[in-house]
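Asks: What follows is a structure written as structure tokens; I'll ask about it next.
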Amino acid sequence: MSDETTPGQRLDAALQRFQEQAATATSILTAQGAFGWMLRADLPKARKALAKLPAEQLAEISAAAAALSALADEIAAAPGTPDR
């Protein structure tokens, strides 16, 4: 018996990696969608988007949103920040 993987095993492994990466991309897009709804002040749609995500990702999103908020406030308060 050989230690080499078969083409079928390699395909299965590639499909598994693809599924994992697709799930990550889906989560990122869902979070971005929620952010977009918040920019439009549509809380119900933002809530619906976030409800699709698992708790550990919600914690990551919360931390990132807090950091983004602080950074935006810092930049807005900086001298020379252009009015937009």
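We name chains A, B, ... following the order of the structure tokens; residues begin at 1 in each chain, and ligands are numbered from 1 as shown.
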Which residues are near Ala49 of chain A? Cut-off 7 Å, only C-alpha atoms, ignore same chain within fewer than 6 positions. Put them as a list in words.

Replies: Thr30, Gly33 and Ala34 of chain A

Asks: How would the residues just picked look written out with C-alpha atoms as a compact mmCIF listing (two decimals), in the first residue's frame?

Replies:
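Printed below is part.txt as written:
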```txt
# COMPACT_ATOMS: atom_id res chain seq x y z
CA THR A 30 -22.46 39.30 5.99
CA GLY A 33 -23.66 44.02 4.81
CA ALA A 34 -24.65 44.71 8.41
```

Asks: What does the distance from atom CA of Lys52 of chain A to atom CA of Leu71 of chain A come to in Å, to one decimal?

Replies: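 Taking atom CA of Lys52 of chain A and atom CA of Leu71 of chain A, their separation equals 26.9 Å.
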
Asks: Skipping near chain neighbours, those fewer than 5 positions away, what residues fall within 12 Å of Thr24 of chain A using only C-alpha atoms, listed as a PyMOL selection string?

Replies: chain A and resi 17-19+29-31+53-54+57

Asks: What does the structure give for the distance between atom CA of Leu15 of chain A and atom CA of Asp3 of chain A, in Å to one decimal?

Replies: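 Value for the atom CA of Leu15 of chain A-atom CA of Asp3 of chain A distance: 20.7 Å.
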
Asks: Among segment 2-45 of chain A, which residues carry a DSSP assignment of helix (DSSP H, G or I), reported as a PyMOL selection string?

Replies: chain A and resi 7-39+43-45

Asks: Which residue gives the smallest distance to Ser62 of chain A among A:Glu74, A:Lys45, A:Ala13, A:Phe35, with only C-alpha atoms counted?

Replies: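 Going through A:Glu74, A:Lys45, A:Ala13, A:Phe35 one by one, the smallest distance to Ser62 of chain A is for A:Phe35.
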
Asks: Between A:Gln9, A:Gln21, A:Ser27, A:Ser69, which residue has the minimum interatomic distance to Leu50 of chain A, considering only C-alpha atoms?

Replies: A:Ser27

Asks: Could you tell me how far atom CA of Gln32 of chain A lies from atom CA of Ala46 of chain A, in Å and to one decimal?

Replies: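 About the pair atom CA of Gln32 of chain A and atom CA of Ala46 of chain A: they are 9.7 Å apart.
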